[in-house]
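To be precise, the following lines are target13.cif, and they hold mmCIF, C-alpha atoms and all ligand atoms.
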```cif
data_model
#
loop_
_atom_site.group_PDB
_atom_site.id
_atom_site.type_symbol
_atom_site.label_atom_id
_atom_site.label_comp_id
_atom_site.auth_asym_id
_atom_site.auth_seq_id
_atom_site.Cartn_x
_atom_site.Cartn_y
_atom_site.Cartn_z
ATOM 1 C CA MET A 14 55.637 82.325 137.265
ATOM 2 C CA THR A 15 51.939 82.429 136.532
ATOM 3 C CA GLY A 16 49.211 80.044 135.430
ATOM 4 C CA ARG A 17 48.150 76.593 136.579
ATOM 5 C CA ARG A 18 50.829 73.933 136.253
ATOM 6 C CA LEU A 19 51.238 70.174 136.652
ATOM 7 C CA VAL A 20 54.786 69.264 137.560
ATOM 8 C CA VAL A 21 55.352 65.515 137.382
ATOM 9 C CA ASN A 22 57.601 63.791 139.912
ATOM 10 C CA VAL A 23 59.483 60.839 138.374
ATOM 11 C CA ASP A 24 61.267 59.623 141.554
ATOM 12 C CA HIS A 25 59.422 56.309 141.556
ATOM 13 C CA VAL A 26 60.486 55.439 138.035
ATOM 14 C CA ALA A 27 63.980 55.573 139.514
ATOM 15 C CA THR A 28 62.809 53.503 142.510
ATOM 16 C CA VAL A 29 61.961 50.635 140.110
ATOM 17 C CA ARG A 30 65.318 51.014 138.342
ATOM 18 C CA GLN A 31 67.246 50.959 141.622
ATOM 19 C CA ALA A 32 65.459 47.742 142.664
ATOM 20 C CA ARG A 33 67.660 45.941 140.084
ATOM 21 C CA GLY A 34 70.568 48.358 140.036
ATOM 22 C CA GLY A 35 70.396 48.529 136.228
ATOM 23 C CA VAL A 36 69.516 51.232 133.735
ATOM 24 C CA GLU A 37 65.780 50.651 133.171
ATOM 25 C CA PRO A 38 63.306 52.156 133.562
ATOM 26 C CA ASP A 39 65.007 55.501 133.073
ATOM 27 C CA PRO A 40 63.421 58.507 134.828
ATOM 28 C CA VAL A 41 64.877 60.730 132.093
ATOM 29 C CA ALA A 42 62.924 58.806 129.424
ATOM 30 C CA ALA A 43 59.818 59.001 131.626
ATOM 31 C CA ALA A 44 60.304 62.751 131.923
ATOM 32 C CA VAL A 45 60.432 63.100 128.134
ATOM 33 C CA GLN A 46 57.175 61.108 127.879
ATOM 34 C CA ALA A 47 55.553 63.196 130.605
ATOM 35 C CA LEU A 48 56.442 66.412 128.778
ATOM 36 C CA ALA A 49 55.136 65.000 125.485
ATOM 37 C CA ALA A 50 51.893 64.204 127.320
ATOM 38 C CA GLY A 51 51.518 67.819 128.437
ATOM 39 C CA ALA A 52 53.298 68.034 131.799
ATOM 40 C CA ASP A 53 54.325 71.623 132.516
ATOM 41 C CA GLY A 54 57.458 70.526 134.284
ATOM 42 C CA ILE A 55 59.408 67.729 135.945
ATOM 43 C CA VAL A 56 60.461 67.457 139.570
ATOM 44 C CA VAL A 57 62.827 65.030 141.291
ATOM 45 C CA HIS A 58 64.033 64.669 144.852
ATOM 46 C CA LEU A 59 67.771 64.057 145.124
ATOM 47 C CA ARG A 60 68.014 62.451 148.541
ATOM 48 C CA GLU A 61 71.162 62.326 150.615
ATOM 49 C CA ASP A 62 71.068 58.487 150.505
ATOM 50 C CA ARG A 63 70.465 58.462 146.686
ATOM 51 C CA ARG A 64 67.765 55.828 147.163
ATOM 52 C CA HIS A 65 66.050 56.631 143.867
ATOM 53 C CA ILE A 66 67.214 59.648 141.852
ATOM 54 C CA GLN A 67 70.967 59.722 141.117
ATOM 55 C CA ASP A 68 73.248 62.687 140.364
ATOM 56 C CA ARG A 69 73.404 61.557 136.715
ATOM 57 C CA ASP A 70 69.593 61.836 136.456
ATOM 58 C CA VAL A 71 69.633 65.406 137.714
ATOM 59 C CA ARG A 72 72.335 66.440 135.247
ATOM 60 C CA LEU A 73 70.600 64.786 132.279
ATOM 61 C CA LEU A 74 67.178 66.111 133.248
ATOM 62 C CA ARG A 75 68.585 69.641 133.271
ATOM 63 C CA GLN A 76 69.607 69.093 129.647
ATOM 64 C CA VAL A 77 66.391 67.519 128.368
ATOM 65 C CA VAL A 78 63.686 69.324 130.349
ATOM 66 C CA HIS A 79 62.975 72.499 128.441
ATOM 67 C CA ARG A 80 59.943 73.351 130.500
ATOM 68 C CA LEU A 81 60.148 73.778 134.254
ATOM 69 C CA PHE A 82 62.781 71.662 135.971
ATOM 70 C CA CYS A 83 62.450 71.574 139.764
ATOM 71 C CA LEU A 84 64.803 69.972 142.235
ATOM 72 C CA GLU A 85 63.616 68.939 145.682
ATOM 73 C CA MET A 86 66.366 68.699 148.268
ATOM 74 C CA ALA A 87 67.394 69.213 151.860
ATOM 75 C CA ALA A 88 69.075 72.527 152.697
ATOM 76 C CA THR A 89 72.529 70.964 153.161
ATOM 77 C CA GLY A 90 75.874 72.232 151.894
ATOM 78 C CA GLU A 91 76.259 69.237 149.556
ATOM 79 C CA MET A 92 72.837 69.743 147.963
ATOM 80 C CA LEU A 93 73.242 73.496 147.599
ATOM 81 C CA GLU A 94 76.520 72.942 145.796
ATOM 82 C CA ILE A 95 74.806 70.534 143.365
ATOM 83 C CA ALA A 96 71.899 72.945 142.817
ATOM 84 C CA LEU A 97 74.215 75.850 142.071
ATOM 85 C CA GLN A 98 76.108 73.703 139.549
ATOM 86 C CA VAL A 99 73.083 72.126 137.845
ATOM 87 C CA ARG A 100 70.921 75.262 137.960
ATOM 88 C CA PRO A 101 67.372 73.899 137.961
ATOM 89 C CA ASP A 102 64.653 76.497 137.374
ATOM 90 C CA SER A 103 63.370 76.012 140.893
ATOM 91 C CA VAL A 104 64.482 74.370 144.142
ATOM 92 C CA THR A 105 62.033 73.177 146.772
ATOM 93 C CA LEU A 106 63.661 72.825 150.168
ATOM 94 C CA VAL A 107 62.299 69.867 152.130
ATOM 95 C CA PRO A 108 63.126 68.306 155.477
ATOM 96 C CA GLU A 109 64.795 64.933 155.136
ATOM 97 C CA ARG A 110 65.329 62.040 157.501
ATOM 98 C CA ARG A 111 67.143 58.908 156.347
ATOM 99 C CA GLU A 112 64.699 56.496 157.931
ATOM 100 C CA GLU A 113 61.543 58.007 156.436
ATOM 101 C CA LEU A 114 59.725 56.262 153.566
ATOM 102 C CA THR A 115 58.929 59.604 151.978
ATOM 103 C CA THR A 116 58.933 63.262 153.066
ATOM 104 C CA GLU A 117 56.841 63.110 156.218
ATOM 105 C CA GLY A 118 56.274 66.694 157.253
ATOM 106 C CA GLY A 119 56.857 70.243 156.155
ATOM 107 C CA LEU A 120 59.925 72.328 156.972
ATOM 108 C CA ASP A 121 59.882 74.077 160.327
ATOM 109 C CA VAL A 122 60.699 77.503 158.892
ATOM 110 C CA LEU A 123 59.960 79.223 162.204
ATOM 111 C CA ALA A 124 62.628 77.198 164.011
ATOM 112 C CA GLY A 125 65.146 77.190 161.169
ATOM 113 C CA LEU A 126 64.663 80.686 159.795
ATOM 114 C CA GLU A 127 68.345 81.613 159.772
ATOM 115 C CA GLU A 128 69.603 78.452 158.046
ATOM 116 C CA ILE A 129 66.690 78.301 155.604
ATOM 117 C CA GLY A 130 66.982 82.014 154.854
ATOM 118 C CA GLY A 131 70.685 81.493 154.054
ATOM 119 C CA ALA A 132 69.878 78.682 151.595
ATOM 120 C CA VAL A 133 67.122 80.788 150.006
ATOM 121 C CA ARG A 134 69.557 83.670 149.526
ATOM 122 C CA SER A 135 72.191 81.554 147.804
ATOM 123 C CA LEU A 136 69.568 80.122 145.442
ATOM 124 C CA GLU A 137 67.949 83.456 144.625
ATOM 125 C CA ASP A 138 71.343 85.158 144.202
ATOM 126 C CA SER A 139 72.071 82.569 141.490
ATOM 127 C CA GLY A 140 68.742 83.178 139.782
ATOM 128 C CA ILE A 141 67.099 79.955 141.014
ATOM 129 C CA ARG A 142 63.512 80.232 142.237
ATOM 130 C CA SER A 143 63.264 79.189 145.882
ATOM 131 C CA CYS A 144 60.276 77.333 147.283
ATOM 132 C CA LEU A 145 59.694 75.964 150.799
ATOM 133 C CA PHE A 146 57.698 72.782 151.451
ATOM 134 C CA ILE A 147 55.611 73.569 154.530
ATOM 135 C CA ASP A 148 52.594 72.266 156.386
ATOM 136 C CA PRO A 149 49.423 74.310 155.765
ATOM 137 C CA ASP A 150 50.010 76.392 158.878
ATOM 138 C CA LEU A 151 49.637 80.184 158.898
ATOM 139 C CA ASP A 152 52.706 80.758 161.089
ATOM 140 C CA GLN A 153 54.839 78.703 158.709
ATOM 141 C CA VAL A 154 53.453 80.691 155.759
ATOM 142 C CA GLU A 155 54.445 83.955 157.426
ATOM 143 C CA ALA A 156 57.888 82.636 158.370
ATOM 144 C CA SER A 157 58.350 81.570 154.735
ATOM 145 C CA LEU A 158 57.786 85.147 153.629
ATOM 146 C CA ARG A 159 60.368 86.327 156.173
ATOM 147 C CA SER A 160 62.888 83.793 154.830
ATOM 148 C CA GLY A 161 62.836 85.588 151.484
ATOM 149 C CA ALA A 162 61.493 82.555 149.602
ATOM 150 C CA ARG A 163 59.530 83.212 146.449
ATOM 151 C CA ALA A 164 57.112 80.310 146.794
ATOM 152 C CA VAL A 165 55.653 77.768 149.167
ATOM 153 C CA GLU A 166 54.503 74.243 148.444
ATOM 154 C CA LEU A 167 51.793 73.239 150.874
ATOM 155 C CA HIS A 168 52.025 69.678 152.196
ATOM 156 C CA SER A 169 48.833 67.845 151.275
ATOM 157 C CA GLY A 170 49.834 64.559 152.959
ATOM 158 C CA GLU A 171 47.444 64.953 155.868
ATOM 159 C CA TYR A 172 44.604 65.838 153.483
ATOM 160 C CA ALA A 173 45.389 62.734 151.401
ATOM 161 C CA ARG A 174 45.592 60.454 154.445
ATOM 162 C CA ALA A 175 42.325 61.730 155.922
ATOM 163 C CA GLY A 176 40.249 59.962 153.236
ATOM 164 C CA SER A 177 36.570 60.909 153.308
ATOM 165 C CA ASP A 178 37.096 62.790 156.571
ATOM 166 C CA ARG A 179 39.233 65.441 154.884
ATOM 167 C CA GLY A 180 37.071 68.563 155.291
ATOM 168 C CA GLY A 181 39.303 70.004 158.052
ATOM 169 C CA SER A 182 42.558 69.433 156.223
ATOM 170 C CA ARG A 183 41.072 70.807 153.015
ATOM 171 C CA ARG A 184 40.136 73.997 154.891
ATOM 172 C CA ALA A 185 43.650 74.242 156.326
ATOM 173 C CA LEU A 186 45.092 74.040 152.797
ATOM 174 C CA GLU A 187 42.603 76.644 151.574
ATOM 175 C CA GLN A 188 43.408 79.089 154.389
ATOM 176 C CA ALA A 189 47.151 78.644 154.003
ATOM 177 C CA ALA A 190 46.893 79.073 150.218
ATOM 178 C CA LYS A 191 44.870 82.280 150.603
ATOM 179 C CA ARG A 192 47.264 83.736 153.179
ATOM 180 C CA ALA A 193 50.334 82.867 151.110
ATOM 181 C CA ALA A 194 48.837 84.359 147.946
ATOM 182 C CA LYS A 195 47.834 87.498 149.838
ATOM 183 C CA LEU A 196 51.405 87.887 151.069
ATOM 184 C CA GLY A 197 52.627 87.648 147.483
ATOM 185 C CA LEU A 198 54.065 84.140 147.679
ATOM 186 C CA GLU A 199 53.549 81.756 144.761
ATOM 187 C CA VAL A 200 51.578 78.746 145.947
ATOM 188 C CA GLY A 201 51.954 75.081 145.098
ATOM 189 C CA VAL A 202 50.726 71.879 146.670
ATOM 190 C CA GLY A 203 51.966 68.320 146.757
ATOM 191 C CA HIS A 204 52.150 64.937 148.413
ATOM 192 C CA GLY A 205 49.641 62.111 148.259
ATOM 193 C CA LEU A 206 47.435 63.736 145.628
ATOM 194 C CA ASP A 207 45.713 61.193 143.401
ATOM 195 C CA TYR A 208 43.006 60.850 140.754
ATOM 196 C CA ARG A 209 40.248 60.825 143.402
ATOM 197 C CA ASN A 210 41.300 63.479 145.887
ATOM 198 C CA VAL A 211 42.882 66.149 143.681
ATOM 199 C CA SER A 212 39.735 67.843 142.297
ATOM 200 C CA GLU A 213 38.786 69.505 145.574
ATOM 201 C CA ILE A 214 42.250 71.036 145.754
ATOM 202 C CA ALA A 215 42.238 71.930 142.061
ATOM 203 C CA ALA A 216 39.138 74.010 142.873
ATOM 204 C CA LEU A 217 41.285 76.411 144.952
ATOM 205 C CA PRO A 218 42.208 79.281 142.604
ATOM 206 C CA GLU A 219 45.250 80.416 144.635
ATOM 207 C CA ILE A 220 47.131 77.190 143.916
ATOM 208 C CA GLU A 221 49.259 77.505 140.803
ATOM 209 C CA GLU A 222 51.396 74.391 140.916
ATOM 210 C CA PHE A 223 50.556 70.729 141.520
ATOM 211 C CA SER A 224 53.499 68.421 142.211
ATOM 212 C CA ILE A 225 52.344 64.833 141.711
ATOM 213 C CA GLY A 226 54.337 61.626 141.404
ATOM 214 C CA HIS A 227 53.293 58.387 143.040
ATOM 215 C CA ALA A 228 49.699 58.376 141.806
ATOM 216 C CA ILE A 229 50.781 58.957 138.197
ATOM 217 C CA VAL A 230 53.484 56.272 138.290
ATOM 218 C CA ALA A 231 51.061 53.818 139.962
ATOM 219 C CA HIS A 232 48.281 54.588 137.458
ATOM 220 C CA SER A 233 50.644 54.094 134.542
ATOM 221 C CA LEU A 234 51.186 50.516 135.768
ATOM 222 C CA THR A 235 47.446 49.947 135.940
ATOM 223 C CA VAL A 236 46.707 51.333 132.498
ATOM 224 C CA GLY A 237 49.857 49.899 130.889
ATOM 225 C CA PHE A 238 50.416 46.543 132.649
ATOM 226 C CA GLY A 239 47.967 44.534 130.521
ATOM 227 C CA ARG A 240 49.640 45.676 127.314
ATOM 228 C CA ALA A 241 53.079 44.837 128.675
ATOM 229 C CA VAL A 242 51.914 41.279 129.530
ATOM 230 C CA ARG A 243 50.210 40.836 126.108
ATOM 231 C CA GLU A 244 53.387 41.892 124.280
ATOM 232 C CA MET A 245 55.563 39.499 126.316
ATOM 233 C CA ARG A 246 53.136 36.587 125.878
ATOM 234 C CA GLN A 247 53.106 37.197 122.151
ATOM 235 C CA ILE A 248 56.885 36.690 122.045
ATOM 236 C CA VAL A 249 56.935 33.715 124.400
ATOM 237 C CA CYS A 250 53.856 31.950 122.966
ATOM 238 C CA PRO A 251 53.621 33.114 119.320
ATOM 239 C CA HIS A 252 51.254 30.292 118.159
HETATM 240 N N1 LIG B 301 56.146 67.397 146.931
HETATM 241 C C1 LIG B 301 57.134 67.028 147.786
HETATM 242 C C2 LIG B 301 57.854 68.091 148.531
HETATM 243 C C3 LIG B 301 57.473 65.675 147.955
HETATM 244 O O1 LIG B 301 58.460 65.326 148.796
HETATM 245 C C4 LIG B 301 56.783 64.700 147.196
HETATM 246 C C5 LIG B 301 57.165 63.261 147.323
HETATM 247 O O2 LIG B 301 58.410 63.057 146.752
HETATM 248 C C6 LIG B 301 55.774 65.136 146.307
HETATM 249 C C7 LIG B 301 55.463 66.477 146.213
HETATM 250 C C8 LIG B 301 55.010 64.171 145.452
HETATM 251 O O3 LIG B 301 54.233 63.335 146.262
HETATM 252 P P1 LIG B 301 53.526 62.079 145.623
HETATM 253 O O4 LIG B 301 54.597 61.183 145.086
HETATM 254 O O5 LIG B 301 52.772 61.483 146.771
HETATM 255 O O6 LIG B 301 52.618 62.591 144.527
#
```

Before we go any further, please render this structure as structure tokens.
Amino acid sequence: MTGRRLVVNVDHVATVRQARGGVEPDPVAAAVQALAAGADGIVVHLREDRRHIQDRDVRLLRQVVHRLFCLEMAATGEMLEIALQVRPDSVTLVPERREELTTEGGLDVLAGLEEIGGAVRSLEDSGIRSCLFIDPDLDQVEASLRSGARAVELHSGEYARAGSDRGGSRRALEQAAKRAAKLGLEVGVGHGLDYRNVSEIAALPEIEEFSIGHAIVAHSLTVGFGRAVREMRQIVCPH
């Protein structure tokens, strides 16, 4: 895969739906809108606890997303079975803990090389691109290569959290991106990127893929909320 890409994560559209246990808003409809707006792909995280994205979403997204469809998941037997059935274009393996609010750290590929390598092999053998979500750490980059994975997604959470003091974490992302690209791995980045902090990362030429969700969903509320209120008031108070 080559060329710069924005892959939009629609998990938090599903978070709003699950808050009422109904059918709206639908992350599949959001995905269609994102693609119409120019997104290069769609990504969702099917969590073990199904707190936002549901199995039905993954199946429908596979049918409607005709650009890149990426599935984020833990390297468990259950998830691998789903991935091999649904056949997304790409799978990003992430660590997952039930009690976390969101993915908190990268995979420890060094410690879990055998298990992760096994998951990578079953994905690649079925023609699914394998990507590992790792911290921007050179040892993890090298272990990712050894696992047989085709790509890494560098965790930008620390960079995002560091606010104006982010020079060090930006350099870590830059060094990890350069090393990964030199080793022949495809390089992506994701987590916590927003409209203010993304430009400095977008300036790194080695990074091909940006995986962004929360900031886009949050911004859509800001830019769309006024209109939604005006339309409702017009119905409730027509005169
Ligand atoms: N990449 C990975 C591996 C993630 O787990 C997440 C969060 O679901 C993202 C990217 C997107 O992060 P954000 O929602 O903060 O843009």

Starting from the point (46.9, 77.8, 140.4), work out which residues of protein, DNA or RNA have an atom no more than 7 Å away when counting only C-alpha atoms; state them as a PDB file with C-alpha atoms, in the frame of the given file.
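Output contents, as saved in part_11.pdb:
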```
ATOM      1  CA  GLY A  16      49.211  80.044 135.430  1.00  0.00           C
ATOM      2  CA  ARG A  17      48.150  76.593 136.579  1.00  0.00           C
ATOM      3  CA  ARG A  18      50.829  73.933 136.253  1.00  0.00           C
ATOM      4  CA  PRO A 218      42.208  79.281 142.604  1.00  0.00           C
ATOM      5  CA  GLU A 219      45.250  80.416 144.635  1.00  0.00           C
ATOM      6  CA  ILE A 220      47.131  77.190 143.916  1.00  0.00           C
ATOM      7  CA  GLU A 221      49.259  77.505 140.803  1.00  0.00           C
ATOM      8  CA  GLU A 222      51.396  74.391 140.916  1.00  0.00           C
TER       9      GLU A 222
END
```

Would you name the residues within 9 Å of ligand LIG 301 (chain B), counting only C-alpha atoms and all ligand atoms, and put them as an mmCIF file with C-alpha atoms, keeping the file's coordinate frame?
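Below is the file result37.cif, written as the result:
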```
data_model
loop_
_atom_site.group_PDB
_atom_site.id
_atom_site.type_symbol
_atom_site.label_atom_id
_atom_site.label_comp_id
_atom_site.auth_asym_id
_atom_site.auth_seq_id
_atom_site.Cartn_x
_atom_site.Cartn_y
_atom_site.Cartn_z
ATOM 1 C CA VAL A 21 55.352 65.515 137.382
ATOM 2 C CA ASN A 22 57.601 63.791 139.912
ATOM 3 C CA VAL A 23 59.483 60.839 138.374
ATOM 4 C CA ASP A 24 61.267 59.623 141.554
ATOM 5 C CA HIS A 25 59.422 56.309 141.556
ATOM 6 C CA VAL A 56 60.461 67.457 139.570
ATOM 7 C CA VAL A 57 62.827 65.030 141.291
ATOM 8 C CA HIS A 58 64.033 64.669 144.852
ATOM 9 C CA GLU A 85 63.616 68.939 145.682
ATOM 10 C CA MET A 86 66.366 68.699 148.268
ATOM 11 C CA THR A 105 62.033 73.177 146.772
ATOM 12 C CA LEU A 106 63.661 72.825 150.168
ATOM 13 C CA VAL A 107 62.299 69.867 152.130
ATOM 14 C CA PRO A 108 63.126 68.306 155.477
ATOM 15 C CA GLU A 109 64.795 64.933 155.136
ATOM 16 C CA THR A 115 58.929 59.604 151.978
ATOM 17 C CA THR A 116 58.933 63.262 153.066
ATOM 18 C CA GLU A 117 56.841 63.110 156.218
ATOM 19 C CA GLY A 118 56.274 66.694 157.253
ATOM 20 C CA GLY A 119 56.857 70.243 156.155
ATOM 21 C CA LEU A 145 59.694 75.964 150.799
ATOM 22 C CA PHE A 146 57.698 72.782 151.451
ATOM 23 C CA ILE A 147 55.611 73.569 154.530
ATOM 24 C CA GLU A 166 54.503 74.243 148.444
ATOM 25 C CA LEU A 167 51.793 73.239 150.874
ATOM 26 C CA HIS A 168 52.025 69.678 152.196
ATOM 27 C CA SER A 169 48.833 67.845 151.275
ATOM 28 C CA GLY A 170 49.834 64.559 152.959
ATOM 29 C CA ALA A 173 45.389 62.734 151.401
ATOM 30 C CA GLY A 201 51.954 75.081 145.098
ATOM 31 C CA VAL A 202 50.726 71.879 146.670
ATOM 32 C CA GLY A 203 51.966 68.320 146.757
ATOM 33 C CA HIS A 204 52.150 64.937 148.413
ATOM 34 C CA GLY A 205 49.641 62.111 148.259
ATOM 35 C CA LEU A 206 47.435 63.736 145.628
ATOM 36 C CA ASP A 207 45.713 61.193 143.401
ATOM 37 C CA PHE A 223 50.556 70.729 141.520
ATOM 38 C CA SER A 224 53.499 68.421 142.211
ATOM 39 C CA ILE A 225 52.344 64.833 141.711
ATOM 40 C CA GLY A 226 54.337 61.626 141.404
ATOM 41 C CA HIS A 227 53.293 58.387 143.040
ATOM 42 C CA ALA A 228 49.699 58.376 141.806
ATOM 43 C CA ILE A 229 50.781 58.957 138.197
ATOM 44 C CA VAL A 230 53.484 56.272 138.290
#
```

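When atom CA of A:Met14 is paired with atom CA of A:Arg142, their separation reads 9.5 Å.
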
> If you measure from atom CA of A:Leu120 to atom CA of A:Arg159, what distance in Å do you get, rounded to one decimal?
Replying inline: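 Spanning atom CA of A:Leu120 to atom CA of A:Arg159 is a straight-line distance of 14.0 Å.
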
> Can you list, as a PyMOL selection string, every protein, DNA or RNA residue that comes within 8 Å of A:Tyr172 when you count all atoms listed in the file, leaving out same-chain residues fewer than 6 positions away?
Replying inline: chain A and resi 179+182-183

>> Which residues would end up in the selection if the PyMOL selection byres (((chain A and resi 40) around 9) and not hetatm) were applied here, given that I need the answer as a count of residues only?
In response: 17

Kindly provide, as lines of an AutoDock Vina configuration file, the centre and edge lengths (Å, one decimal) of an axis-aligned box around all atoms of stretch 52-56 of chain A given in the file, with 8 Å on each side.
```
center_x = 56.9
center_y = 69.5
center_z = 135.7
size_x = 23.2
size_y = 20.2
size_z = 23.8
```

> Suppose you want the space between atom CA of A:Arg33 and atom CA of A:Ala50; what is it in Å?
Replying inline: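 Straight-line distance from atom CA of A:Arg33 to atom CA of A:Ala50 works out to 27.3 Å.
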
> the PyMOL selection byres (((chain A and resi 149) around 8) and not hetatm) on the file shown: which residues, as a VMD selection string?
Replying inline: chain A and resid 147 to 148 150 to 151 153 to 154 167 to 169 185 to 186 188 to 190

Could you save the residues just selected, with C-alpha atoms, as a CSV table (one decimal), keeping the file's coordinate frame?
```csv
chain,number,residue,atom,x,y,z
A,147,ILE,CA,55.6,73.6,154.5
A,148,ASP,CA,52.6,72.3,156.4
A,150,ASP,CA,50.0,76.4,158.9
A,151,LEU,CA,49.6,80.2,158.9
A,153,GLN,CA,54.8,78.7,158.7
A,154,VAL,CA,53.5,80.7,155.8
A,167,LEU,CA,51.8,73.2,150.9
A,168,HIS,CA,52.0,69.7,152.2
A,169,SER,CA,48.8,67.8,151.3
A,185,ALA,CA,43.6,74.2,156.3
A,186,LEU,CA,45.1,74.0,152.8
A,188,GLN,CA,43.4,79.1,154.4
A,189,ALA,CA,47.2,78.6,154.0
A,190,ALA,CA,46.9,79.1,150.2
```

>> For a quick check of your reading of the model, name the residues lying within 12 Å of the coordinate (63.2, 73.4, 129.6), counting all atoms listed in the file, and write them as a ChimeraX atom specification.
In response: /A:44-45,48,52-56,73-83,100-103

> Mind telling me what the PyMOL selection byres (((chain A and resi 97) around 12) and not hetatm) catches here, as an MDAnalysis selection string?
Replying inline: chainID A and resid 72 84 90:96 98:104 132:142

> From the list A:Leu59, A:Val236, A:Val165, A:Cys250, which residue is nearest A:Glu199 when using all atoms listed in the file?
Replying inline: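 The shortest atom-to-atom distance to A:Glu199 comes from A:Val165.
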
> Out of A:Glu244, A:Glu187, A:Glu171, A:Asp62, which residue has the shortest atom-to-atom distance to A:Glu113 when counting all atoms listed in the file?
Replying inline: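 Counting all atoms listed in the file, the residue closest to A:Glu113 is A:Asp62.
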